[in-house]
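A short worksheet on the structure shown next.
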Amino acid sequence: MTQTTTRVLEPSDLGAALAILESEPVANAFVTSRVQVAGLDPWRLGGEMWGWYADGRLRSLCYAGANLVPICAGPEAVRAFADRARRAGRRCSSIVGPAEPTALLWRLLEPGWGPAREVRANQPLMVTESPSAEVTPDPLVRRIRKDETEILMPACVAMFTEEVGISPLAGDGGLLYQARVAELIGAGRSFARIDDGKVVFKAEIGAATTQACQIQGVWVAPEHRGKGLSETGMAAVLRYALADVAPIVSLYVNDYNAPARKAYRRVGFRETGTFMSVLF
């Protein structure tokens with residue numbers, strides 16, 4: 001019989017954890033980027049990394065921080081992670097990851113953790129290695145400077161509130177969210193078009209590794225929607241991402257957002273998989 005066990009990984013497990021994370025560089029970009037910077041120390045990582053072992057070998061991971069993220073996890077590993085999560089109690093604000101393991105994890109946790117505020121069961125994962133010649137990048141989309149943080153912040157808050165359904169200013173007054181926005185600006189991964197002192201389009205390169213990066217936070221000011229700015233703006237951000245960050249660029253989008261999916265396909269993205277998010 002196969003002998004299995006689950007435990008919290010330690011800094012000495014970093015090499016084995018990275019081998020699993022880097023086996024699927026696009027799907028695992030979010031967690032990989034955190035581990036490459038912070039290692040496996042829970043305080044620096046912002047959560048624990050659980051490892052599932054079969055016959056003494058590390059096979060699957062689960063990041064347990066603000067998000068609960070199953071990584072390269074088959075059904076047996078997901079069940080083990082669900083048992084540990086149930087015993088620990090819910091500390092995360094969402095469960096997110098590839099649709100199949102995330103759906104199973106949620107089915108196992110829902111009796112004790114539910115109901116969720118929202119379940120997004122079908123979020124296409126889109127990927128590209130090259131921009132489309134169809135769309136000309138907006139030349140006015142550029143990197144945001146640190147002294148422009150206050151100009152950008154209202155757009156970030158509006159995007160988050162529209163996307164997640166709650167304001168990022170709730171709870172701690174937005175301190176953590178503002179710190180994250182400032183971090184991305186400082187890293188040169190926040191982009192926008194600003195006309196007359198107001199943000200017209202914005203997006204960020206969130207997770208970033210040497211193998212892949214992920215665009216997030218795409219937003220167009222309501223009064224400018226329907227003008228194609230999401231396409232030209234995304235083309236500009238994609239150009240920066242491929243030139244300066246990673247050879248593969250990804251994002252995931254809600255299945256019901258047909259206009260966004262169409263725009264991203266025009267820019268050069270193709271759908272390669274499905275993510276799922278459970279929001280609390």
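Labels for the structure tokens follow display order: chains A, B, ..., residues from 1 in each chain, ligands from 1.
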When you look at Gly186 of chain A with a cut-off of 12 Å (counting only C-alpha atoms), what residues show up, excluding the ones that are within fewer than 2 positions of it in the same chain? I need them as a PDB file with N, CA and C atoms, in the first residue's frame.
ATOM      1  N   ARG A 143       4.335  53.005 -17.357  1.00  0.00           N
ATOM      2  CA  ARG A 143       4.560  52.654 -15.955  1.00  0.00           C
ATOM      3  C   ARG A 143       4.164  53.824 -15.053  1.00  0.00           C
ATOM      4  N   ILE A 144       3.571  53.476 -13.916  1.00  0.00           N
ATOM      5  CA  ILE A 144       3.180  54.499 -12.946  1.00  0.00           C
ATOM      6  C   ILE A 144       4.361  54.806 -12.026  1.00  0.00           C
ATOM      7  N   ARG A 145       4.566  56.095 -11.744  1.00  0.00           N
ATOM      8  CA  ARG A 145       5.622  56.524 -10.830  1.00  0.00           C
ATOM      9  C   ARG A 145       5.119  56.507  -9.383  1.00  0.00           C
ATOM     10  N   LYS A 146       6.058  56.442  -8.463  1.00  0.00           N
ATOM     11  CA  LYS A 146       5.687  56.413  -7.046  1.00  0.00           C
ATOM     12  C   LYS A 146       4.906  57.661  -6.637  1.00  0.00           C
ATOM     13  N   ASP A 147       5.222  58.816  -7.247  1.00  0.00           N
ATOM     14  CA  ASP A 147       4.530  60.042  -6.863  1.00  0.00           C
ATOM     15  C   ASP A 147       3.121  60.127  -7.459  1.00  0.00           C
ATOM     16  N   GLU A 148       2.718  59.105  -8.229  1.00  0.00           N
ATOM     17  CA  GLU A 148       1.376  59.080  -8.805  1.00  0.00           C
ATOM     18  C   GLU A 148       0.452  58.093  -8.087  1.00  0.00           C
ATOM     19  N   THR A 149       0.901  57.574  -6.948  1.00  0.00           N
ATOM     20  CA  THR A 149       0.114  56.571  -6.218  1.00  0.00           C
ATOM     21  C   THR A 149      -1.276  57.084  -5.884  1.00  0.00           C
ATOM     22  N   ALA A 179      -0.640  49.021   0.572  1.00  0.00           N
ATOM     23  CA  ALA A 179       0.748  48.554   0.581  1.00  0.00           C
ATOM     24  C   ALA A 179       1.037  47.696  -0.644  1.00  0.00           C
ATOM     25  N   ARG A 180       0.071  46.862  -1.031  1.00  0.00           N
ATOM     26  CA  ARG A 180       0.260  46.016  -2.210  1.00  0.00           C
ATOM     27  C   ARG A 180       0.324  46.859  -3.484  1.00  0.00           C
ATOM     28  N   VAL A 181      -0.548  47.862  -3.596  1.00  0.00           N
ATOM     29  CA  VAL A 181      -0.509  48.757  -4.758  1.00  0.00           C
ATOM     30  C   VAL A 181       0.845  49.463  -4.829  1.00  0.00           C
ATOM     31  N   ALA A 182       1.317  49.956  -3.686  1.00  0.00           N
ATOM     32  CA  ALA A 182       2.605  50.650  -3.639  1.00  0.00           C
ATOM     33  C   ALA A 182       3.750  49.705  -4.002  1.00  0.00           C
ATOM     34  N   GLU A 183       3.633  48.452  -3.571  1.00  0.00           N
ATOM     35  CA  GLU A 183       4.663  47.454  -3.883  1.00  0.00           C
ATOM     36  C   GLU A 183       4.775  47.228  -5.394  1.00  0.00           C
ATOM     37  N   LEU A 184       3.637  47.113  -6.070  1.00  0.00           N
ATOM     38  CA  LEU A 184       3.647  46.893  -7.514  1.00  0.00           C
ATOM     39  C   LEU A 184       4.168  48.122  -8.262  1.00  0.00           C
ATOM     40  N   GLY A 188       7.754  48.503 -10.578  1.00  0.00           N
ATOM     41  CA  GLY A 188       7.614  48.825 -11.992  1.00  0.00           C
ATOM     42  C   GLY A 188       6.624  47.942 -12.712  1.00  0.00           C
ATOM     43  N   ARG A 189       5.634  47.413 -11.986  1.00  0.00           N
ATOM     44  CA  ARG A 189       4.679  46.486 -12.593  1.00  0.00           C
ATOM     45  C   ARG A 189       3.243  47.026 -12.567  1.00  0.00           C
ATOM     46  N   SER A 190       3.104  48.323 -12.398  1.00  0.00           N
ATOM     47  CA  SER A 190       1.794  48.967 -12.439  1.00  0.00           C
ATOM     48  C   SER A 190       1.758  49.912 -13.634  1.00  0.00           C
ATOM     49  N   PHE A 191       0.705  49.810 -14.445  1.00  0.00           N
ATOM     50  CA  PHE A 191       0.620  50.554 -15.696  1.00  0.00           C
ATOM     51  C   PHE A 191      -0.737  51.253 -15.807  1.00  0.00           C
ATOM     52  N   GLU A 204      -2.069  45.722 -13.838  1.00  0.00           N
ATOM     53  CA  GLU A 204      -0.811  45.418 -13.182  1.00  0.00           C
ATOM     54  C   GLU A 204      -0.298  44.058 -13.634  1.00  0.00           C
TER      55      GLU A 204
END
| request: Using only C-alpha atoms, determine which residues lie at most 10 Å from Arg57 of chain A, disregarding the query and same-chain residues fewer than 4 positions distant; provide the list as an MDAnalysis selection string. | output: chainID A and resid 3:5 16 51:53
Okay, now the selection with N, CA, C and O atoms, as a PDB file, in the first residue's frame?
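The result, written out as part34.pdb:
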ATOM      1  N   GLN A   3       2.069   4.669   1.214  1.00  0.00           N
ATOM      2  CA  GLN A   3       2.086   5.375   2.489  1.00  0.00           C
ATOM      3  C   GLN A   3       2.042   6.876   2.220  1.00  0.00           C
ATOM      4  O   GLN A   3       2.884   7.400   1.474  1.00  0.00           O
ATOM      5  N   THR A   4       1.083   7.568   2.794  1.00  0.00           N
ATOM      6  CA  THR A   4       0.946   9.009   2.566  1.00  0.00           C
ATOM      7  C   THR A   4       0.956   9.767   3.886  1.00  0.00           C
ATOM      8  O   THR A   4       0.600   9.222   4.934  1.00  0.00           O
ATOM      9  N   THR A   5       1.372  11.011   3.795  1.00  0.00           N
ATOM     10  CA  THR A   5       1.349  11.885   4.959  1.00  0.00           C
ATOM     11  C   THR A   5       1.293  13.321   4.485  1.00  0.00           C
ATOM     12  O   THR A   5       1.637  13.634   3.349  1.00  0.00           O
ATOM     13  N   ALA A  16      12.557  21.005  -3.057  1.00  0.00           N
ATOM     14  CA  ALA A  16      11.527  20.061  -3.485  1.00  0.00           C
ATOM     15  C   ALA A  16      10.222  20.786  -3.815  1.00  0.00           C
ATOM     16  O   ALA A  16       9.522  20.435  -4.776  1.00  0.00           O
ATOM     17  N   GLY A  51       2.572  20.190   2.489  1.00  0.00           N
ATOM     18  CA  GLY A  51       3.074  19.233   1.508  1.00  0.00           C
ATOM     19  C   GLY A  51       2.410  17.881   1.700  1.00  0.00           C
ATOM     20  O   GLY A  51       2.197  17.440   2.835  1.00  0.00           O
ATOM     21  N   TRP A  52       2.065  17.234   0.605  1.00  0.00           N
ATOM     22  CA  TRP A  52       1.493  15.884   0.631  1.00  0.00           C
ATOM     23  C   TRP A  52       2.527  14.921   0.083  1.00  0.00           C
ATOM     24  O   TRP A  52       3.040  15.107  -1.032  1.00  0.00           O
ATOM     25  N   TYR A  53       2.866  13.920   0.885  1.00  0.00           N
ATOM     26  CA  TYR A  53       3.896  12.949   0.532  1.00  0.00           C
ATOM     27  C   TYR A  53       3.265  11.590   0.246  1.00  0.00           C
ATOM     28  O   TYR A  53       2.347  11.159   0.951  1.00  0.00           O
TER      29      TYR A  53
END
| message | So that I can check the surroundings of segment 24-33 of chain A, please list as a PyMOL selection string every protein, DNA and RNA residue that reaches within 9 Å of it, counting only C-alpha atoms and ignoring chain neighbours fewer than 2 positions away. | response | chain A and resi 18+20-22+35-38+63+69+71-72+97-98+125+127+206-214+248-250+273+275
| message | Could you pull out the helix (DSSP H, G or I) residues of segment 10-176 of chain A, going by DSSP on the backbone, and write them as a ChimeraX atom specification? | response | /A:11-21,29-38,42-45,75-88,99-113,146-164,170-173,175-176
| field | Picked from segment 40-113 of chain A by DSSP as strand (DSSP E or B), as a ChimeraX atom specification | value | /A:48-54,57-64,67-71,94-98
| task | Give the answer as one residue: which of A:Pro137, A:Gly89, A:Pro154, A:Pro259 has the shortest atom-to-atom distance to Arg239 of chain A, using only C-alpha atoms? | result |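 For Arg239 of chain A, the nearest of the given residues is A:Pro137.
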| task | For Val220 of chain A, list every protein, DNA or RNA residue within 9 Å, evaluated using only C-alpha atoms, and leave out those in the same chain fewer than 2 positions away; present the list as a list in words. | result |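 Using only C-alpha atoms, the neighbours found are Ala155, Met159, Val199, Val200, Phe201, Lys202, Val218, Pro222, Glu223, His224, Arg225, Leu229 and Ser230 of chain A.
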